[in-house]
file upload23.txt (compact mmCIF, N, CA and C atoms)
# COMPACT_ATOMS: atom_id res chain seq x y z
N MET B 1 -3.55 -0.31 -26.64
CA MET B 1 -2.11 -0.43 -26.50
C MET B 1 -1.57 0.58 -25.49
N THR B 2 -2.14 1.79 -25.47
CA THR B 2 -1.66 2.80 -24.53
C THR B 2 -1.84 2.35 -23.09
N SER B 3 -2.96 1.70 -22.80
CA SER B 3 -3.20 1.22 -21.44
C SER B 3 -2.17 0.17 -21.04
N VAL B 4 -1.85 -0.71 -21.95
CA VAL B 4 -0.88 -1.76 -21.65
C VAL B 4 0.48 -1.15 -21.31
N LEU B 5 0.93 -0.18 -22.11
CA LEU B 5 2.22 0.46 -21.84
C LEU B 5 2.20 1.20 -20.50
N ALA B 6 1.10 1.85 -20.20
CA ALA B 6 0.99 2.56 -18.92
C ALA B 6 1.02 1.58 -17.76
N TYR B 7 0.32 0.46 -17.90
CA TYR B 7 0.32 -0.55 -16.83
C TYR B 7 1.70 -1.18 -16.67
N VAL B 8 2.42 -1.38 -17.76
CA VAL B 8 3.78 -1.93 -17.69
C VAL B 8 4.68 -0.95 -16.93
N ALA B 9 4.58 0.32 -17.26
CA ALA B 9 5.38 1.33 -16.55
C ALA B 9 5.04 1.34 -15.07
N ALA B 10 3.75 1.30 -14.75
CA ALA B 10 3.32 1.29 -13.35
C ALA B 10 3.82 0.04 -12.63
N ALA B 11 3.75 -1.09 -13.30
CA ALA B 11 4.22 -2.34 -12.69
C ALA B 11 5.72 -2.29 -12.41
N LEU B 12 6.50 -1.77 -13.36
CA LEU B 12 7.94 -1.66 -13.14
C LEU B 12 8.25 -0.79 -11.93
N VAL B 13 7.60 0.34 -11.84
CA VAL B 13 7.85 1.26 -10.73
C VAL B 13 7.35 0.66 -9.42
N GLY B 14 6.17 0.08 -9.44
CA GLY B 14 5.62 -0.53 -8.22
C GLY B 14 6.46 -1.68 -7.71
N LEU B 15 6.91 -2.53 -8.61
CA LEU B 15 7.77 -3.65 -8.20
C LEU B 15 9.13 -3.17 -7.73
N TRP B 16 9.63 -2.10 -8.32
CA TRP B 16 10.90 -1.53 -7.85
C TRP B 16 10.73 -0.97 -6.44
N GLY B 17 9.55 -0.47 -6.14
CA GLY B 17 9.25 -0.03 -4.77
C GLY B 17 9.29 -1.20 -3.80
N VAL B 18 8.74 -2.33 -4.21
CA VAL B 18 8.81 -3.55 -3.38
C VAL B 18 10.26 -3.96 -3.19
N ALA B 19 11.04 -3.87 -4.27
CA ALA B 19 12.46 -4.23 -4.19
C ALA B 19 13.22 -3.31 -3.24
N HIS B 20 12.71 -2.10 -3.01
CA HIS B 20 13.32 -1.20 -2.03
C HIS B 20 12.92 -1.59 -0.62
N ALA B 21 11.66 -1.92 -0.44
CA ALA B 21 11.13 -2.17 0.90
C ALA B 21 11.68 -3.47 1.52
N ILE B 22 11.78 -4.50 0.73
CA ILE B 22 12.17 -5.81 1.27
C ILE B 22 13.54 -5.79 1.94
N PRO B 23 14.59 -5.25 1.34
CA PRO B 23 15.91 -5.33 1.98
C PRO B 23 16.24 -4.18 2.93
N THR B 24 15.24 -3.44 3.39
CA THR B 24 15.52 -2.25 4.20
C THR B 24 16.40 -2.58 5.41
N ARG B 25 16.09 -3.65 6.13
CA ARG B 25 16.88 -4.00 7.30
C ARG B 25 18.34 -4.27 6.96
N GLN B 26 18.55 -5.03 5.85
CA GLN B 26 19.92 -5.34 5.46
C GLN B 26 20.67 -4.08 5.03
N VAL B 27 19.99 -3.19 4.35
CA VAL B 27 20.63 -1.96 3.91
C VAL B 27 21.07 -1.14 5.12
N VAL B 28 20.17 -0.96 6.05
CA VAL B 28 20.49 -0.17 7.24
C VAL B 28 21.59 -0.85 8.04
N ALA B 29 21.53 -2.17 8.16
CA ALA B 29 22.56 -2.91 8.89
C ALA B 29 23.92 -2.75 8.24
N GLY B 30 23.96 -2.49 6.95
CA GLY B 30 25.21 -2.30 6.23
C GLY B 30 25.96 -1.04 6.66
N PHE B 31 25.28 -0.17 7.39
CA PHE B 31 25.90 1.07 7.85
C PHE B 31 26.34 0.99 9.32
N GLU B 32 26.25 -0.21 9.90
CA GLU B 32 26.66 -0.38 11.30
C GLU B 32 28.15 -0.12 11.43
N PRO B 33 28.62 0.43 12.52
CA PRO B 33 27.82 0.95 13.63
C PRO B 33 27.17 2.27 13.26
N ILE B 34 25.95 2.44 13.73
CA ILE B 34 25.19 3.65 13.41
C ILE B 34 24.36 4.03 14.63
N GLU B 35 24.25 5.31 14.88
CA GLU B 35 23.47 5.81 16.01
C GLU B 35 21.98 5.50 15.77
N PRO B 36 21.22 5.26 16.84
CA PRO B 36 19.79 4.94 16.68
C PRO B 36 19.02 5.99 15.87
N ASP B 37 19.27 7.28 16.11
CA ASP B 37 18.55 8.31 15.35
C ASP B 37 18.91 8.25 13.87
N ASN B 38 20.17 8.03 13.56
CA ASN B 38 20.59 7.90 12.16
C ASN B 38 19.99 6.66 11.53
N ARG B 39 19.85 5.58 12.29
CA ARG B 39 19.21 4.35 11.79
C ARG B 39 17.76 4.65 11.42
N ARG B 40 17.09 5.38 12.27
CA ARG B 40 15.68 5.72 12.01
C ARG B 40 15.54 6.58 10.74
N VAL B 41 16.41 7.56 10.61
CA VAL B 41 16.35 8.44 9.44
C VAL B 41 16.68 7.67 8.17
N LEU B 42 17.69 6.82 8.21
CA LEU B 42 18.04 6.03 7.04
C LEU B 42 16.90 5.09 6.66
N THR B 43 16.29 4.47 7.66
CA THR B 43 15.14 3.60 7.40
C THR B 43 14.00 4.41 6.79
N GLN B 44 13.73 5.58 7.36
CA GLN B 44 12.67 6.44 6.84
C GLN B 44 12.91 6.79 5.37
N GLU B 45 14.12 7.22 5.06
CA GLU B 45 14.42 7.65 3.69
C GLU B 45 14.38 6.48 2.71
N TRP B 46 14.86 5.33 3.13
CA TRP B 46 14.83 4.16 2.26
C TRP B 46 13.39 3.77 1.95
N LEU B 47 12.55 3.76 2.99
CA LEU B 47 11.14 3.40 2.79
C LEU B 47 10.37 4.52 2.08
N ALA B 48 10.78 5.77 2.26
CA ALA B 48 10.10 6.87 1.57
C ALA B 48 10.21 6.72 0.06
N GLU B 49 11.35 6.24 -0.41
CA GLU B 49 11.48 6.02 -1.85
C GLU B 49 10.54 4.91 -2.31
N ALA B 50 10.41 3.85 -1.51
CA ALA B 50 9.48 2.77 -1.86
C ALA B 50 8.05 3.30 -1.90
N PHE B 51 7.66 4.08 -0.88
CA PHE B 51 6.31 4.65 -0.85
C PHE B 51 6.08 5.58 -2.03
N THR B 52 7.09 6.35 -2.41
CA THR B 52 6.98 7.24 -3.57
C THR B 52 6.70 6.43 -4.83
N MET B 53 7.44 5.36 -5.01
CA MET B 53 7.25 4.52 -6.20
C MET B 53 5.87 3.89 -6.21
N TRP B 54 5.42 3.41 -5.06
CA TRP B 54 4.06 2.84 -4.99
C TRP B 54 3.01 3.90 -5.29
N GLY B 55 3.21 5.10 -4.79
CA GLY B 55 2.25 6.18 -5.06
C GLY B 55 2.21 6.55 -6.53
N LEU B 56 3.39 6.64 -7.14
CA LEU B 56 3.43 6.96 -8.57
C LEU B 56 2.76 5.87 -9.39
N ALA B 57 3.02 4.62 -9.04
CA ALA B 57 2.38 3.51 -9.76
C ALA B 57 0.86 3.58 -9.59
N ALA B 58 0.39 3.88 -8.39
CA ALA B 58 -1.05 3.97 -8.14
C ALA B 58 -1.67 5.12 -8.93
N ILE B 59 -0.97 6.24 -9.03
CA ILE B 59 -1.48 7.38 -9.79
C ILE B 59 -1.60 7.02 -11.28
N VAL B 60 -0.60 6.33 -11.80
CA VAL B 60 -0.65 5.92 -13.21
C VAL B 60 -1.80 4.94 -13.43
N VAL B 61 -1.96 3.98 -12.54
CA VAL B 61 -3.07 3.02 -12.67
C VAL B 61 -4.41 3.75 -12.61
N ALA B 62 -4.55 4.68 -11.67
CA ALA B 62 -5.81 5.42 -11.55
C ALA B 62 -6.10 6.23 -12.81
N ALA B 63 -5.08 6.91 -13.33
CA ALA B 63 -5.28 7.70 -14.55
C ALA B 63 -5.63 6.80 -15.73
N THR B 64 -5.03 5.63 -15.77
CA THR B 64 -5.31 4.69 -16.86
C THR B 64 -6.71 4.13 -16.75
N LEU B 65 -7.11 3.79 -15.54
CA LEU B 65 -8.48 3.28 -15.34
C LEU B 65 -9.51 4.35 -15.67
N ALA B 66 -9.18 5.60 -15.38
CA ALA B 66 -10.12 6.70 -15.68
C ALA B 66 -10.21 6.98 -17.18
N GLY B 67 -9.21 6.57 -17.92
CA GLY B 67 -9.23 6.75 -19.37
C GLY B 67 -7.89 7.20 -19.89
N SER B 68 -7.11 6.26 -20.39
CA SER B 68 -5.76 6.57 -20.84
C SER B 68 -5.75 7.43 -22.10
N GLU B 69 -6.88 7.58 -22.72
CA GLU B 69 -6.96 8.36 -23.96
C GLU B 69 -7.29 9.84 -23.69
N THR B 70 -7.42 10.22 -22.43
CA THR B 70 -7.82 11.59 -22.11
C THR B 70 -6.61 12.51 -21.98
N THR B 71 -6.87 13.80 -22.11
CA THR B 71 -5.82 14.81 -21.95
C THR B 71 -5.29 14.81 -20.52
N VAL B 72 -6.18 14.64 -19.56
CA VAL B 72 -5.76 14.62 -18.15
C VAL B 72 -4.80 13.47 -17.92
N ALA B 73 -5.13 12.29 -18.42
CA ALA B 73 -4.25 11.13 -18.25
C ALA B 73 -2.89 11.41 -18.88
N ALA B 74 -2.89 12.03 -20.05
CA ALA B 74 -1.62 12.33 -20.72
C ALA B 74 -0.76 13.23 -19.86
N TRP B 75 -1.36 14.23 -19.21
CA TRP B 75 -0.58 15.14 -18.36
C TRP B 75 -0.14 14.46 -17.07
N VAL B 76 -0.97 13.55 -16.56
CA VAL B 76 -0.56 12.76 -15.39
C VAL B 76 0.66 11.92 -15.75
N TYR B 77 0.62 11.27 -16.91
CA TYR B 77 1.75 10.45 -17.34
C TYR B 77 3.02 11.30 -17.48
N ARG B 78 2.87 12.50 -18.04
CA ARG B 78 4.04 13.38 -18.21
C ARG B 78 4.60 13.84 -16.87
N ALA B 79 3.72 14.17 -15.94
CA ALA B 79 4.18 14.60 -14.62
C ALA B 79 4.89 13.47 -13.89
N VAL B 80 4.33 12.28 -13.94
CA VAL B 80 4.97 11.13 -13.30
C VAL B 80 6.30 10.83 -13.98
N ALA B 81 6.33 10.91 -15.30
CA ALA B 81 7.59 10.68 -16.03
C ALA B 81 8.64 11.69 -15.61
N GLY B 82 8.25 12.94 -15.42
CA GLY B 82 9.20 13.96 -14.98
C GLY B 82 9.78 13.63 -13.61
N LEU B 83 8.94 13.20 -12.70
CA LEU B 83 9.42 12.83 -11.37
C LEU B 83 10.33 11.61 -11.44
N LEU B 84 9.95 10.62 -12.24
CA LEU B 84 10.80 9.44 -12.40
C LEU B 84 12.16 9.80 -12.98
N LEU B 85 12.18 10.70 -13.95
CA LEU B 85 13.45 11.14 -14.52
C LEU B 85 14.28 11.90 -13.49
N GLY B 86 13.62 12.68 -12.64
CA GLY B 86 14.32 13.37 -11.57
C GLY B 86 14.94 12.39 -10.58
N LEU B 87 14.17 11.37 -10.19
CA LEU B 87 14.69 10.34 -9.29
C LEU B 87 15.83 9.56 -9.95
N ALA B 88 15.69 9.28 -11.23
CA ALA B 88 16.75 8.57 -11.96
C ALA B 88 18.02 9.40 -11.98
N GLY B 89 17.88 10.70 -12.22
CA GLY B 89 19.06 11.58 -12.22
C GLY B 89 19.71 11.66 -10.86
N LEU B 90 18.90 11.78 -9.83
CA LEU B 90 19.43 11.82 -8.46
C LEU B 90 20.19 10.54 -8.15
N THR B 91 19.61 9.42 -8.50
CA THR B 91 20.27 8.13 -8.24
C THR B 91 21.54 7.99 -9.06
N ALA B 92 21.51 8.50 -10.29
CA ALA B 92 22.69 8.39 -11.16
C ALA B 92 23.90 9.13 -10.58
N VAL B 93 23.66 10.24 -9.90
CA VAL B 93 24.79 11.00 -9.35
C VAL B 93 25.10 10.67 -7.90
N THR B 94 24.29 9.78 -7.30
CA THR B 94 24.55 9.40 -5.91
C THR B 94 24.77 7.90 -5.82
N GLY B 95 23.73 7.15 -5.56
CA GLY B 95 23.84 5.71 -5.31
C GLY B 95 24.44 4.91 -6.45
N ALA B 96 24.16 5.31 -7.69
CA ALA B 96 24.67 4.55 -8.84
C ALA B 96 26.18 4.69 -8.99
N ARG B 97 26.78 5.59 -8.27
CA ARG B 97 28.23 5.76 -8.32
C ARG B 97 28.95 4.81 -7.36
N THR B 98 28.16 4.01 -6.62
CA THR B 98 28.73 3.01 -5.73
C THR B 98 28.90 1.70 -6.49
N ALA B 99 29.43 0.71 -5.81
CA ALA B 99 29.64 -0.59 -6.44
C ALA B 99 28.38 -1.47 -6.42
N VAL B 100 27.32 -1.01 -5.78
CA VAL B 100 26.11 -1.81 -5.63
C VAL B 100 25.35 -1.84 -6.96
N ILE B 101 25.19 -3.03 -7.51
CA ILE B 101 24.58 -3.20 -8.84
C ILE B 101 23.13 -2.69 -8.88
N TRP B 102 22.40 -2.85 -7.78
CA TRP B 102 20.99 -2.44 -7.76
C TRP B 102 20.85 -0.93 -7.93
N PHE B 103 21.82 -0.18 -7.40
CA PHE B 103 21.79 1.27 -7.59
C PHE B 103 22.09 1.64 -9.04
N LYS B 104 22.85 0.82 -9.71
CA LYS B 104 23.16 1.08 -11.12
C LYS B 104 21.96 0.75 -12.01
N ILE B 105 21.17 -0.23 -11.60
CA ILE B 105 19.97 -0.63 -12.34
C ILE B 105 18.86 0.41 -12.20
N CYS B 106 18.79 1.04 -11.03
CA CYS B 106 17.68 1.96 -10.72
C CYS B 106 17.48 3.06 -11.76
N PRO B 107 18.51 3.82 -12.15
CA PRO B 107 18.27 4.88 -13.14
C PRO B 107 17.77 4.34 -14.48
N VAL B 108 18.24 3.18 -14.86
CA VAL B 108 17.80 2.56 -16.12
C VAL B 108 16.33 2.18 -16.04
N LEU B 109 15.95 1.55 -14.94
CA LEU B 109 14.57 1.12 -14.76
C LEU B 109 13.62 2.31 -14.68
N LEU B 110 14.00 3.32 -13.91
CA LEU B 110 13.14 4.50 -13.79
C LEU B 110 13.04 5.27 -15.11
N THR B 111 14.14 5.36 -15.83
CA THR B 111 14.11 6.05 -17.13
C THR B 111 13.26 5.27 -18.13
N THR B 112 13.37 3.96 -18.11
CA THR B 112 12.55 3.12 -19.00
C THR B 112 11.07 3.35 -18.73
N SER B 113 10.68 3.36 -17.46
CA SER B 113 9.28 3.60 -17.11
C SER B 113 8.85 5.00 -17.55
N ALA B 114 9.72 5.99 -17.36
CA ALA B 114 9.40 7.35 -17.77
C ALA B 114 9.20 7.44 -19.28
N VAL B 115 10.07 6.79 -20.03
CA VAL B 115 9.96 6.81 -21.50
C VAL B 115 8.64 6.17 -21.93
N LEU B 116 8.30 5.03 -21.32
CA LEU B 116 7.01 4.39 -21.64
C LEU B 116 5.86 5.35 -21.40
N LEU B 117 5.89 6.05 -20.28
CA LEU B 117 4.80 6.98 -19.98
C LEU B 117 4.78 8.17 -20.94
N LEU B 118 5.95 8.65 -21.32
CA LEU B 118 5.99 9.75 -22.29
C LEU B 118 5.46 9.31 -23.64
N VAL B 119 5.82 8.12 -24.06
CA VAL B 119 5.31 7.59 -25.32
C VAL B 119 3.79 7.52 -25.27
N VAL B 120 3.27 6.94 -24.17
CA VAL B 120 1.81 6.82 -24.03
C VAL B 120 1.14 8.19 -24.01
N SER B 121 1.78 9.16 -23.39
CA SER B 121 1.16 10.47 -23.28
C SER B 121 1.03 11.19 -24.61
N PHE B 122 1.81 10.79 -25.60
CA PHE B 122 1.74 11.43 -26.91
C PHE B 122 1.02 10.60 -27.96
N LEU B 123 0.53 9.43 -27.57
CA LEU B 123 -0.22 8.58 -28.53
C LEU B 123 -1.65 9.04 -28.65

call {"tool": "encode", "arguments": {"input": "upload23.txt", "output": "structure tokens"}}
result
Amino acid sequence: MTSVLAYVAAALVGLWGVAHAIPTRQVVAGFEPIEPDNRRVLTQEWLAEAFTMWGLAAIVVAATLAGSETTVAAWVYRAVAGLLLGLAGLTAVTGARTAVIWFKICPVLLTTSAVLLLVVSFL
């Protein structure tokens, strides 16, 4: 059961990363007119969050494949949960304060994944 919960958390985070990457062009275009350097930085930051989510999902999958019942896996889950909660908090005080529904969903989704990982880490 612990592996299933860890994989669910990883899938949520990984798919949320995909959800960030796909609309990058539209998001950046929403800030037009924008200077080319600012466009590059905005694109970089938007995709950096997607890459972060993919990396966290990969770390959780790797720890789970190595053995979700181990102490090391439990600490990996806790560390990833801490980062997810940090990202959720950051989003809650920034993007989620806008009218964009996806930014409002983000803290909930990241917190849900973090809670799943914390639960698994203590089982």

call {"tool": "closest_atom_pairs", "arguments": {"input": "upload23.txt", "of": "range 14-118 of chain B", "to": "range 6-9 of chain B", "cutoff": "8 Å", "atoms": "only N, CA and C atoms", "output": "JSON lines"}}
result
{"residue": "B:Gly14", "atom": "N", "partner": "B:Ala9", "partner_atom": "C", "distance": 5.9}
{"residue": "B:Leu15", "atom": "N", "partner": "B:Ala9", "partner_atom": "C", "distance": 7.8}
{"residue": "B:Leu56", "atom": "C", "partner": "B:Ala9", "partner_atom": "C", "distance": 7.6}
{"residue": "B:Ala57", "atom": "CA", "partner": "B:Ala9", "partner_atom": "C", "distance": 6.3}
{"residue": "B:Val60", "atom": "C", "partner": "B:Ala6", "partner_atom": "C", "distance": 6.2}
{"residue": "B:Val61", "atom": "CA", "partner": "B:Tyr7", "partner_atom": "CA", "distance": 6.4}
{"residue": "B:Thr64", "atom": "CA", "partner": "B:Ala6", "partner_atom": "CA", "distance": 7.0}
{"residue": "B:Thr112", "atom": "C", "partner": "B:Ala9", "partner_atom": "CA", "distance": 6.4}
{"residue": "B:Ser113", "atom": "CA", "partner": "B:Ala9", "partner_atom": "CA", "distance": 4.5}
{"residue": "B:Ala114", "atom": "N", "partner": "B:Ala9", "partner_atom": "CA", "distance": 6.4}
{"residue": "B:Val115", "atom": "C", "partner": "B:Ala9", "partner_atom": "CA", "distance": 7.9}
{"residue": "B:Leu116", "atom": "C", "partner": "B:Ala6", "partner_atom": "N", "distance": 6.0}
{"residue": "B:Leu117", "atom": "CA", "partner": "B:Ala6", "partner_atom": "CA", "distance": 5.9}

call {"tool": "closest_residue", "arguments": {"input": "upload23.txt", "among": "B:Ala21, B:Val13, B:Val41, B:Leu84", "to": "Ala58 in chain B", "atoms": "only N, CA and C atoms"}}
result
B:Val13

call {"tool": "atom_distance", "arguments": {"input": "upload23.txt", "atom1": "CA of Gly17 in chain B", "atom2": "CA of Pro36 in chain B"}}
result
24.4 Å

call {"tool": "closest_residue", "arguments": {"input": "upload23.txt", "among": "B:Ala79, B:Val18, B:Gln26, B:Pro33", "to": "Phe51 in chain B", "atoms": "only N, CA and C atoms"}}
result
B:Val18

call {"tool": "select_by_dssp", "arguments": {"input": "upload23.txt", "residues": "range 1-97 of chain B", "states": "alpha helix (DSSP H)", "output": "number ranges by chain"}}
result
B: 2-21, 24-29, 36-67, 71-93

call {"tool": "atom_distance", "arguments": {"input": "upload23.txt", "atom1": "atom C of Lys104 in chain B", "atom2": "atom C of Thr91 in chain B"}}
result
7.8 Å

call {"tool": "atom_distance", "arguments": {"input": "upload23.txt", "atom1": "atom C of Leu85 in chain B", "atom2": "atom N of Met53 in chain B"}}
result
12.7 Å

call {"tool": "closest_residue", "arguments": {"input": "upload23.txt", "among": "B:Ala88, B:Leu42, B:Leu110, B:Leu65", "to": "Leu12 in chain B", "atoms": "all atoms listed in the file"}}
result
B:Leu110

call {"tool": "axis_aligned_box", "arguments": {"input": "upload23.txt", "around": "range 37-51 of chain B", "padding_each_side": "6 Å", "output": "AutoDock Vina command-line options"}}
result
--center_x 13.3 --center_y 5.6 --center_z 6.9 --size_x 26.5 --size_y 17.7 --size_z 30.4

call {"tool": "closest_residue", "arguments": {"input": "upload23.txt", "among": "B:Gly89, B:Tyr77, B:Thr52, B:Thr24", "to": "Arg40 in chain B", "atoms": "only C-alpha atoms"}}
result
B:Thr24
